[in-house]
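Listing of my_file.csv; format and content: CSV, C-alpha atoms.
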chain,number,residue,atom,x,y,z
A,161,MET,CA,0.0,0.0,0.0
A,162,ILE,CA,1.4,3.4,-1.0
A,163,LEU,CA,0.8,6.2,1.6
A,164,LYS,CA,0.8,9.4,-0.4
A,165,HIS,CA,2.4,12.3,1.3
A,166,TYR,CA,2.3,15.1,-1.3
A,167,SER,CA,0.3,16.1,-4.4
A,168,VAL,CA,1.7,18.3,-7.2
A,169,LYS,CA,0.0,20.9,-9.4
A,170,ILE,CA,1.9,22.6,-12.2
A,171,ASN,CA,1.1,25.8,-14.0
A,172,ASN,CA,3.0,27.6,-16.7
A,173,LEU,CA,4.1,31.2,-17.0
A,174,ILE,CA,5.9,32.9,-19.9
A,175,GLN,CA,8.4,35.5,-18.9
A,176,ASN,CA,10.8,37.2,-21.4
A,177,ASP,CA,9.7,34.8,-24.0
A,178,LYS,CA,10.8,31.8,-21.8
A,179,VAL,CA,8.4,29.2,-20.3
A,180,HIS,CA,8.6,28.8,-16.5
A,181,TYR,CA,6.8,26.1,-14.7
A,182,GLN,CA,5.2,26.9,-11.3
A,183,ILE,CA,5.4,23.7,-9.2
A,184,ILE,CA,3.0,23.7,-6.3
A,185,VAL,CA,3.6,20.9,-3.8
A,186,THR,CA,0.9,20.3,-1.1
A,187,ASN,CA,1.0,18.1,1.9
A,188,VAL,CA,-2.0,15.8,1.5
A,189,ASN,CA,-2.4,15.5,5.3
A,190,ASN,CA,-2.4,19.3,5.7
A,191,PRO,CA,-3.6,21.1,2.5
A,192,ALA,CA,-2.6,24.5,4.0
A,193,ASP,CA,1.0,23.3,4.0
A,194,THR,CA,2.3,24.1,0.5
A,195,LYS,CA,5.5,25.2,-1.3
A,196,THR,CA,5.8,26.8,-4.7
A,197,THR,CA,8.9,26.6,-6.8
A,198,MET,CA,9.5,28.2,-10.2
A,199,ASN,CA,11.7,26.4,-12.8
A,200,ARG,CA,12.4,26.3,-16.4
A,201,TYR,CA,12.4,22.9,-18.2
A,202,SER,CA,16.2,22.8,-18.4
A,203,GLU,CA,16.4,23.3,-14.6
A,204,LEU,CA,13.9,20.5,-14.1
A,205,LYS,CA,15.9,18.2,-16.4
A,206,ASP,CA,19.1,19.0,-14.3
A,207,PHE,CA,17.1,18.1,-11.2
A,208,HIS,CA,16.1,14.7,-12.7
A,209,GLU,CA,19.8,14.0,-13.7
A,210,GLN,CA,20.9,14.9,-10.1
A,211,LEU,CA,18.4,12.4,-8.8
A,212,ILE,CA,19.9,9.7,-10.9
A,213,LYS,CA,23.3,10.6,-9.6
A,214,ASN,CA,22.0,10.4,-6.0
A,215,ILE,CA,20.3,7.1,-6.6
A,216,ASN,CA,23.5,5.6,-8.1
A,217,LEU,CA,25.7,7.0,-5.4
A,218,LEU,CA,23.6,5.4,-2.7
A,219,LYS,CA,22.9,2.2,-4.7
A,220,LEU,CA,19.2,2.6,-4.2
A,221,GLN,CA,17.0,0.1,-6.0
A,222,LEU,CA,14.6,2.7,-7.3
A,223,GLN,CA,12.9,3.1,-10.7
A,224,LEU,CA,12.3,6.7,-11.6
A,225,PRO,CA,9.4,7.8,-13.8
A,226,GLU,CA,10.3,8.9,-17.3
A,227,PHE,CA,11.2,12.5,-17.5
A,228,PRO,CA,9.4,14.5,-20.3
A,229,LYS,CA,11.5,14.6,-23.4
A,230,ARG,CA,12.5,17.7,-25.4
A,231,SER,CA,10.6,18.5,-28.5
A,232,LEU,CA,12.6,17.3,-31.5
A,233,PHE,CA,11.1,19.8,-33.9
A,234,SER,CA,10.4,23.4,-33.1
A,235,LYS,CA,10.6,25.1,-29.7
A,236,THR,CA,8.1,24.3,-27.1
A,237,ASN,CA,7.8,27.9,-26.0
A,238,LYS,CA,6.5,28.9,-29.4
A,239,ASN,CA,3.6,26.6,-29.3
A,240,GLN,CA,0.9,26.9,-26.6
A,241,GLU,CA,-0.4,23.4,-27.2
A,242,LYS,CA,3.1,22.0,-26.6
A,243,ILE,CA,3.5,24.1,-23.5
A,244,ILE,CA,0.3,22.6,-22.1
A,245,GLN,CA,1.3,19.1,-23.0
A,246,ARG,CA,4.7,19.5,-21.3
A,247,GLN,CA,3.0,21.0,-18.2
A,248,GLN,CA,0.7,18.0,-18.0
A,249,GLU,CA,3.7,15.6,-18.5
A,250,LEU,CA,5.7,17.3,-15.8
A,251,GLU,CA,2.8,17.2,-13.4
A,252,LEU,CA,2.4,13.5,-14.0
A,253,TYR,CA,6.1,13.0,-13.6
A,254,PHE,CA,6.3,14.9,-10.2
A,255,ASN,CA,3.2,13.1,-8.8
A,256,GLN,CA,4.7,9.7,-9.7
A,257,LEU,CA,8.0,10.7,-8.3
A,258,PHE,CA,6.7,11.9,-5.0
A,259,SER,CA,4.7,8.7,-4.5
A,260,ILE,CA,8.0,6.9,-4.1
A,261,ASP,CA,8.6,7.1,-0.4
A,262,LYS,CA,12.4,6.8,-0.4
A,263,ILE,CA,12.7,9.5,-3.0
A,264,LEU,CA,11.3,12.1,-0.6
A,265,SER,CA,14.5,11.8,1.5
A,266,LEU,CA,16.9,12.8,-1.3
A,267,PRO,CA,18.2,16.3,-1.0
A,268,PRO,CA,17.2,17.4,-4.6
A,269,VAL,CA,13.6,16.4,-3.8
A,270,GLN,CA,13.5,18.0,-0.4
A,271,SER,CA,14.1,21.5,-1.9
A,272,TYR,CA,10.6,21.2,-3.4
A,273,LEU,CA,8.8,20.0,-0.3
A,274,PRO,CA,7.0,22.1,2.3
A,275,ILE,CA,9.1,21.0,5.1
A,276,GLU,CA,10.3,23.0,8.1
A,277,THR,CA,13.9,23.7,9.1
A,278,PRO,CA,16.8,21.7,7.8
A,279,LEU,CA,17.3,18.4,9.7
A,280,ASN,CA,20.8,19.2,10.9
A,281,GLN,CA,19.5,22.3,12.8
A,282,GLN,CA,17.0,20.4,14.9
A,283,MET,CA,18.6,17.1,15.7
A,284,LYS,CA,21.5,15.5,17.6
A,285,ILE,CA,21.3,11.8,16.9
A,286,THR,CA,22.4,8.7,18.7
A,287,VAL,CA,21.8,5.2,17.5
A,288,SER,CA,21.4,1.9,19.4
A,289,ILE,CA,21.1,-1.4,17.5
A,290,GLU,CA,18.7,-3.2,19.8
A,291,SER,CA,18.2,-6.4,18.1
A,292,TYR,CA,18.4,-8.3,14.8
A,293,THR,CA,16.3,-10.9,12.9
A,294,VAL,CA,17.3,-13.5,10.4
A,295,TYR,CA,14.9,-13.6,7.5
A,296,ASP,CA,15.5,-15.8,4.4
A,297,ASP,CA,19.2,-16.1,5.4
A,298,VAL,CA,19.5,-12.3,5.6
A,299,VAL,CA,20.3,-10.5,8.9
A,300,ILE,CA,18.2,-7.3,9.4
A,301,TYR,CA,19.3,-5.0,12.2
A,302,SER,CA,16.7,-3.0,14.2
A,303,MET,CA,18.2,0.5,15.0
A,304,ARG,CA,16.7,2.9,17.4
A,305,PHE,CA,17.4,6.5,16.5
A,306,LYS,CA,17.2,9.1,19.3
A,307,ASN,CA,17.1,12.8,18.9
A,308,LYS,CA,18.7,14.1,22.1
A,309,ILE,CA,17.3,17.6,21.5
A,310,THR,CA,13.6,16.8,21.0
A,311,LYS,CA,13.7,13.4,22.8
A,312,GLU,CA,12.0,11.9,19.7
A,313,GLU,CA,12.7,8.2,18.9
A,314,TRP,CA,12.1,6.0,15.9
A,315,ILE,CA,13.0,2.5,14.6
A,316,TYR,CA,14.8,1.8,11.3
A,317,LYS,CA,15.5,-1.7,10.0
A,318,GLN,CA,18.4,-2.2,7.6
A,319,ARG,CA,20.7,-4.9,6.2
A,320,TYR,CA,24.5,-4.7,6.6
A,321,SER,CA,24.8,-4.1,2.9
A,322,GLU,CA,22.4,-1.1,3.0
A,323,ILE,CA,24.4,0.5,5.8
A,324,LYS,CA,27.6,-0.2,3.9
A,325,ASN,CA,26.1,1.7,0.9
A,326,ILE,CA,26.0,4.8,3.0
A,327,HIS,CA,29.7,4.3,4.0
A,328,ASP,CA,30.7,3.7,0.3
A,329,ALA,CA,28.8,6.9,-0.8
A,330,LEU,CA,30.7,8.9,1.8
A,331,LEU,CA,33.9,7.5,0.5
A,332,GLU,CA,33.0,8.5,-3.0
A,333,GLN,CA,32.4,12.1,-1.8
A,334,GLY,CA,35.9,12.3,-0.5
A,335,TYR,CA,35.6,11.4,3.2
A,336,LYS,CA,38.3,8.7,3.1
A,337,GLY,CA,40.5,9.2,6.2
A,338,LYS,CA,37.7,11.0,8.0
A,339,LEU,CA,35.4,8.0,8.5
A,340,PRO,CA,35.7,5.4,11.3
A,341,PRO,CA,36.5,1.9,10.1
A,342,PHE,CA,33.5,0.1,8.7
A,343,PRO,CA,32.8,-3.5,10.0
A,344,THR,CA,34.3,-5.8,7.5
A,345,ARG,CA,32.7,-8.8,5.8
A,346,LYS,CA,33.7,-12.3,6.9
A,347,LEU,CA,36.2,-13.8,4.5
A,348,PHE,CA,35.0,-17.4,5.1
A,349,GLY,CA,31.5,-18.6,5.9
A,350,GLN,CA,28.3,-16.6,6.3
A,351,THR,CA,27.7,-14.1,9.1
A,352,ASN,CA,24.1,-15.2,9.4
A,353,GLU,CA,25.2,-18.7,10.3
A,354,ASN,CA,26.9,-17.7,13.6
A,355,PRO,CA,25.0,-15.8,16.3
A,356,GLU,CA,28.3,-14.7,17.9
A,357,THR,CA,29.5,-13.2,14.6
A,358,ILE,CA,26.1,-11.5,14.1
A,359,GLU,CA,26.3,-10.0,17.7
A,360,LYS,CA,29.9,-8.8,17.1
A,361,ARG,CA,28.8,-7.1,13.8
A,362,ARG,CA,25.8,-5.5,15.6
A,363,GLU,CA,28.1,-4.0,18.2
A,364,ASP,CA,30.6,-2.8,15.5
A,365,LEU,CA,27.8,-1.2,13.4
A,366,GLU,CA,26.5,0.6,16.4
A,367,VAL,CA,29.9,2.0,17.2
A,368,TYR,CA,30.4,3.0,13.5
A,369,LEU,CA,27.0,4.8,13.3
A,370,ASN,CA,27.5,6.8,16.5
A,371,ALA,CA,30.9,7.8,15.4
A,372,ILE,CA,29.7,9.3,12.1
A,373,PHE,CA,26.8,11.0,13.8
A,374,SER,CA,29.1,12.6,16.3
A,375,THR,CA,31.4,14.1,13.7
A,376,GLN,CA,29.9,17.4,12.6
A,377,GLU,CA,31.4,17.6,9.1
A,378,ILE,CA,30.0,14.1,8.3
A,379,TYR,CA,26.8,14.6,10.1
A,380,ASP,CA,26.0,17.7,8.0
A,381,ASN,CA,26.6,15.8,4.7
A,382,GLU,CA,23.6,15.3,2.5
A,383,ILE,CA,24.1,11.5,2.6
A,384,ILE,CA,23.7,11.4,6.4
A,385,GLN,CA,20.7,13.8,6.2
A,386,PHE,CA,19.2,11.4,3.7
A,387,LEU,CA,19.7,8.5,6.2
A,388,ILE,CA,18.0,10.5,8.9
A,389,SER,CA,15.1,11.6,6.8
A,390,ASP,CA,14.7,8.1,5.2
A,391,SER,CA,14.8,6.4,8.7
A,392,LYS,CA,12.0,8.7,10.0
A,393,LYS,CA,9.8,8.2,6.9
A,394,TYR,CA,10.3,4.4,7.2
A,395,PHE,CA,9.1,4.5,10.8
A,396,GLU,CA,6.2,6.9,10.1
A,397,THR,CA,5.0,4.8,7.1
A,398,ASN,CA,5.2,1.5,9.1
A,399,LYS,CA,3.4,3.1,12.0
A,400,LYS,CA,0.5,4.3,9.8
A,401,GLN,CA,0.3,0.9,8.1
A,402,GLU,CA,0.0,-0.7,11.6
A,403,GLU,CA,-2.7,1.7,12.6
A,404,GLN,CA,-4.7,1.0,9.4
A,405,LYS,CA,-4.4,-2.7,10.0
A,406,LYS,CA,-5.7,-2.3,13.6
A,407,ALA,CA,-8.6,-0.1,12.4
A,408,GLN,CA,-9.6,-2.7,9.7
A,409,ALA,CA,-9.4,-5.7,12.1
As structure tokens, how would this structure be written, given the file I've shared?
Amino acid sequence: MILKHYSVKINNLIQNDKVHYQIIVTNVNNPADTKTTMNRYSELKDFHEQLIKNINLLKLQLQLPEFPKRSLFSKTNKNQEKIIQRQQELELYFNQLFSIDKILSLPPVQSYLPIETPLNQQMKITVSIESYTVYDDVVIYSMRFKNKITKEEWIYKQRYSEIKNIHDALLEQGYKGKLPPFPTRKLFGQTNENPETIEKRREDLEVYLNAIFSTQEIYDNEIIQFLISDSKKYFETNKKQEEQKKAQA
């Protein structure tokens, strides 16, 4: 079940013979909560390409909707019918894009959302990995995030490989030498076959995560901000789904 967070309406305006698209994003749970952004088509195309880079960097298994193509013949801004068509295509694109929960945590997307203050100005995070489960031979770690400023807490469940993707993305952004050591893979055998090895990895991952959250330069990085935002959305989505199940029971 997809829990929709935002809806998008797009209008077009012509200024200095150039088409600008007015992107109005509304919080479906609070229609008074909106944000309007003005962009040209070329800027929106750059936004889409930046999303692709973010997704590749973080190794996210996400399929983006198709971005509206350029007109092969004649300029769109000279043809009102084509302007309307592109406006409709962009509106469809954004609504499909914002229905993908994990997308909403990516920095390029957050610039369009009616959200409050930047995450790094209202949070000081600690992490405890409280438990793990083995499901289909895969170990899933249950992490409890705590915001020491607001006292807010939330649960996030991830595999070792998903946490390592965050580490690898930070390395690609030039943080080699600034990161704590990441818990290594076993050279022989499977971690999920040995409870002692799983427990040791749980402890090492907890140390690693708290180390990166306590280093301000790393904490402020957009990758860590993605992790914080995504973890909160994961928790909120699962909480809503559980509430709906109880209501339907």
message = Using only C-alpha atoms, which protein or nucleic acid residues come within 10 Å of Ser321 (chain A)? Drop anything in the same chain fewer than 6 positions from it, and give the result as a list in words.
response =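 Result of the neighbour search: Val299, Ile300, His327 and Arg345 of chain A.
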message = as a PyMOL selection string, please: the residues near region 382-390 of chain A (cut-off 6 Å, all atoms listed in the file, same-chain neighbours under 2 positions excluded).
response = chain A and resi 265-266+379+392-393
key: Top pick for closest residue to Pro267 (chain A), considering A:Val179, A:Ile215, A:Ala407, A:Ile243 and counting all atoms listed in the file   = A:Ile215
ask   = When you draw a straight line from CA of Lys205 (chain A) to CA of Thr186 (chain A), how long is it in Å?
value = 21.5 Å
message = Restricting the calculation to only C-alpha atoms: of A:Leu339, A:Ala371, A:Ile315, A:Leu211, which residue gets closest to Val269 (chain A)?
response = A:Leu211
request  = Provide the CA of Lys195 (chain A) to CA of Glu251 (chain A) distance in Å, to one decimal place.
outcome  =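 Going from CA of Lys195 (chain A) over to CA of Glu251 (chain A) covers 14.8 Å.
Here CA of Leu173 (chain A) and CA of Ser202 (chain A) stand 14.8 Å from one another.
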inquiry  = With only C-alpha atoms as the counted atoms, please give the residues lying no more than 10 Å from Gln256 (chain A), apart from itself and same-chain residues fewer than 3 positions off, as a ChimeraX atom specification.
reply    = /A:167-168,224-226,250-253,259-260
inquiry  = Measuring between all atoms listed in the file, which one of A:Ile289, A:Ile372, A:Leu264, A:Met198 shows the shortest distance to Tyr335 (chain A)?
reply    = A:Ile372
inquiry  = I'd like the neighbourhood of Tyr301 (chain A) as a ChimeraX atom specification, where a residue qualifies if any of its atoms comes within 7 Å (using all atoms listed in the file), though same-chain residues fewer than 2 positions away should be ignored.
reply    = /A:289,291-293,299,303,317-319
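The closest residue to Thr357 (chain A), picked from A:Pro343, A:Asn187, A:Lys336, A:Arg200 and counting all atoms listed in the file, is A:Pro343.
Comparing A:Gln376, A:Val188, A:Gln401, A:Asn214 by their smallest distance to Lys262 (chain A), the closest is A:Asn214 (using all atoms listed in the file).
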Would you mind putting N, CA, C and O atoms back on region 254-280 of chain A and writing the result as a PDB file, in the coordinates of the input?
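Writing the result to result.pdb gives the following:
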ATOM      1  N   PHE A 254       6.041  14.519 -11.613  1.00  0.00           N
ATOM      2  CA  PHE A 254       6.300  14.900 -10.200  1.00  0.00           C
ATOM      3  C   PHE A 254       5.338  14.079  -9.275  1.00  0.00           C
ATOM      4  O   PHE A 254       5.759  13.665  -8.188  1.00  0.00           O
ATOM      5  N   ASN A 255       4.106  13.880  -9.662  1.00  0.00           N
ATOM      6  CA  ASN A 255       3.200  13.100  -8.800  1.00  0.00           C
ATOM      7  C   ASN A 255       3.646  11.651  -8.697  1.00  0.00           C
ATOM      8  O   ASN A 255       3.566  11.050  -7.621  1.00  0.00           O
ATOM      9  N   GLN A 256       4.124  11.074  -9.783  1.00  0.00           N
ATOM     10  CA  GLN A 256       4.700   9.700  -9.700  1.00  0.00           C
ATOM     11  C   GLN A 256       5.928   9.670  -8.883  1.00  0.00           C
ATOM     12  O   GLN A 256       6.125   8.756  -8.070  1.00  0.00           O
ATOM     13  N   LEU A 257       6.772  10.670  -9.072  1.00  0.00           N
ATOM     14  CA  LEU A 257       8.000  10.700  -8.300  1.00  0.00           C
ATOM     15  C   LEU A 257       7.804  10.819  -6.842  1.00  0.00           C
ATOM     16  O   LEU A 257       8.406  10.086  -6.047  1.00  0.00           O
ATOM     17  N   PHE A 258       6.890  11.698  -6.443  1.00  0.00           N
ATOM     18  CA  PHE A 258       6.700  11.900  -5.000  1.00  0.00           C
ATOM     19  C   PHE A 258       5.827  10.832  -4.358  1.00  0.00           C
ATOM     20  O   PHE A 258       5.585  10.880  -3.161  1.00  0.00           O
ATOM     21  N   SER A 259       5.369   9.870  -5.132  1.00  0.00           N
ATOM     22  CA  SER A 259       4.700   8.700  -4.500  1.00  0.00           C
ATOM     23  C   SER A 259       5.687   7.633  -4.133  1.00  0.00           C
ATOM     24  O   SER A 259       5.313   6.642  -3.503  1.00  0.00           O
ATOM     25  N   ILE A 260       6.968   7.819  -4.490  1.00  0.00           N
ATOM     26  CA  ILE A 260       8.000   6.900  -4.100  1.00  0.00           C
ATOM     27  C   ILE A 260       8.589   7.352  -2.767  1.00  0.00           C
ATOM     28  O   ILE A 260       9.281   8.365  -2.696  1.00  0.00           O
ATOM     29  N   ASP A 261       8.298   6.629  -1.714  1.00  0.00           N
ATOM     30  CA  ASP A 261       8.600   7.100  -0.400  1.00  0.00           C
ATOM     31  C   ASP A 261      10.066   7.450  -0.169  1.00  0.00           C
ATOM     32  O   ASP A 261      10.395   8.490   0.395  1.00  0.00           O
ATOM     33  N   LYS A 262      10.947   6.587  -0.627  1.00  0.00           N
ATOM     34  CA  LYS A 262      12.400   6.800  -0.400  1.00  0.00           C
ATOM     35  C   LYS A 262      12.915   8.018  -1.126  1.00  0.00           C
ATOM     36  O   LYS A 262      13.868   8.657  -0.678  1.00  0.00           O
ATOM     37  N   ILE A 263      12.279   8.346  -2.246  1.00  0.00           N
ATOM     38  CA  ILE A 263      12.700   9.500  -3.000  1.00  0.00           C
ATOM     39  C   ILE A 263      12.577  10.790  -2.197  1.00  0.00           C
ATOM     40  O   ILE A 263      13.367  11.731  -2.340  1.00  0.00           O
ATOM     41  N   LEU A 264      11.579  10.852  -1.318  1.00  0.00           N
ATOM     42  CA  LEU A 264      11.300  12.100  -0.600  1.00  0.00           C
ATOM     43  C   LEU A 264      12.432  12.482   0.356  1.00  0.00           C
ATOM     44  O   LEU A 264      12.505  13.628   0.793  1.00  0.00           O
ATOM     45  N   SER A 265      13.344  11.542   0.653  1.00  0.00           N
ATOM     46  CA  SER A 265      14.500  11.800   1.500  1.00  0.00           C
ATOM     47  C   SER A 265      15.691  12.354   0.819  1.00  0.00           C
ATOM     48  O   SER A 265      16.652  12.776   1.465  1.00  0.00           O
ATOM     49  N   LEU A 266      15.690  12.294  -0.516  1.00  0.00           N
ATOM     50  CA  LEU A 266      16.900  12.800  -1.300  1.00  0.00           C
ATOM     51  C   LEU A 266      16.915  14.275  -1.281  1.00  0.00           C
ATOM     52  O   LEU A 266      15.897  14.951  -1.493  1.00  0.00           O
ATOM     53  N   PRO A 267      18.098  14.867  -1.082  1.00  0.00           N
ATOM     54  CA  PRO A 267      18.200  16.300  -1.000  1.00  0.00           C
ATOM     55  C   PRO A 267      17.641  17.089  -2.193  1.00  0.00           C
ATOM     56  O   PRO A 267      16.970  18.109  -1.966  1.00  0.00           O
ATOM     57  N   PRO A 268      17.828  16.660  -3.452  1.00  0.00           N
ATOM     58  CA  PRO A 268      17.200  17.400  -4.600  1.00  0.00           C
ATOM     59  C   PRO A 268      15.699  17.513  -4.440  1.00  0.00           C
ATOM     60  O   PRO A 268      15.099  18.532  -4.789  1.00  0.00           O
ATOM     61  N   VAL A 269      15.061  16.446  -3.947  1.00  0.00           N
ATOM     62  CA  VAL A 269      13.600  16.400  -3.800  1.00  0.00           C
ATOM     63  C   VAL A 269      13.167  17.320  -2.651  1.00  0.00           C
ATOM     64  O   VAL A 269      12.165  18.042  -2.735  1.00  0.00           O
ATOM     65  N   GLN A 270      13.923  17.294  -1.564  1.00  0.00           N
ATOM     66  CA  GLN A 270      13.500  18.000  -0.400  1.00  0.00           C
ATOM     67  C   GLN A 270      13.436  19.546  -0.626  1.00  0.00           C
ATOM     68  O   GLN A 270      12.701  20.255   0.061  1.00  0.00           O
ATOM     69  N   SER A 271      14.162  20.027  -1.624  1.00  0.00           N
ATOM     70  CA  SER A 271      14.100  21.500  -1.900  1.00  0.00           C
ATOM     71  C   SER A 271      12.735  21.859  -2.491  1.00  0.00           C
ATOM     72  O   SER A 271      12.402  23.042  -2.530  1.00  0.00           O
ATOM     73  N   TYR A 272      11.927  20.882  -2.916  1.00  0.00           N
ATOM     74  CA  TYR A 272      10.600  21.200  -3.400  1.00  0.00           C
ATOM     75  C   TYR A 272       9.492  20.952  -2.395  1.00  0.00           C
ATOM     76  O   TYR A 272       8.340  21.306  -2.638  1.00  0.00           O
ATOM     77  N   LEU A 273       9.837  20.359  -1.268  1.00  0.00           N
ATOM     78  CA  LEU A 273       8.800  20.000  -0.300  1.00  0.00           C
ATOM     79  C   LEU A 273       8.544  21.040   0.745  1.00  0.00           C
ATOM     80  O   LEU A 273       9.462  21.752   1.164  1.00  0.00           O
ATOM     81  N   PRO A 274       7.285  21.148   1.186  1.00  0.00           N
ATOM     82  CA  PRO A 274       7.000  22.100   2.300  1.00  0.00           C
ATOM     83  C   PRO A 274       7.335  21.543   3.623  1.00  0.00           C
ATOM     84  O   PRO A 274       6.497  21.170   4.434  1.00  0.00           O
ATOM     85  N   ILE A 275       8.650  21.446   3.833  1.00  0.00           N
ATOM     86  CA  ILE A 275       9.100  21.000   5.100  1.00  0.00           C
ATOM     87  C   ILE A 275       9.677  22.115   5.927  1.00  0.00           C
ATOM     88  O   ILE A 275       9.928  23.199   5.392  1.00  0.00           O
ATOM     89  N   GLU A 276       9.899  21.887   7.210  1.00  0.00           N
ATOM     90  CA  GLU A 276      10.300  23.000   8.100  1.00  0.00           C
ATOM     91  C   GLU A 276      11.761  23.287   8.024  1.00  0.00           C
ATOM     92  O   GLU A 276      12.296  23.477   6.946  1.00  0.00           O
ATOM     93  N   THR A 277      12.449  23.308   9.128  1.00  0.00           N
ATOM     94  CA  THR A 277      13.900  23.700   9.100  1.00  0.00           C
ATOM     95  C   THR A 277      14.718  22.502   8.724  1.00  0.00           C
ATOM     96  O   THR A 277      14.312  21.349   8.850  1.00  0.00           O
ATOM     97  N   PRO A 278      15.930  22.760   8.215  1.00  0.00           N
ATOM     98  CA  PRO A 278      16.800  21.700   7.800  1.00  0.00           C
ATOM     99  C   PRO A 278      17.038  20.717   9.007  1.00  0.00           C
ATOM    100  O   PRO A 278      17.126  21.140  10.167  1.00  0.00           O
ATOM    101  N   LEU A 279      17.152  19.429   8.677  1.00  0.00           N
ATOM    102  CA  LEU A 279      17.300  18.400   9.700  1.00  0.00           C
ATOM    103  C   LEU A 279      18.437  18.658  10.654  1.00  0.00           C
ATOM    104  O   LEU A 279      18.349  18.455  11.855  1.00  0.00           O
ATOM    105  N   ASN A 280      19.579  19.070  10.106  1.00  0.00           N
ATOM    106  CA  ASN A 280      20.800  19.200  10.900  1.00  0.00           C
ATOM    107  C   ASN A 280      20.680  20.363  11.928  1.00  0.00           C
ATOM    108  O   ASN A 280      21.534  20.511  12.781  1.00  0.00           O
TER     109      ASN A 280
END
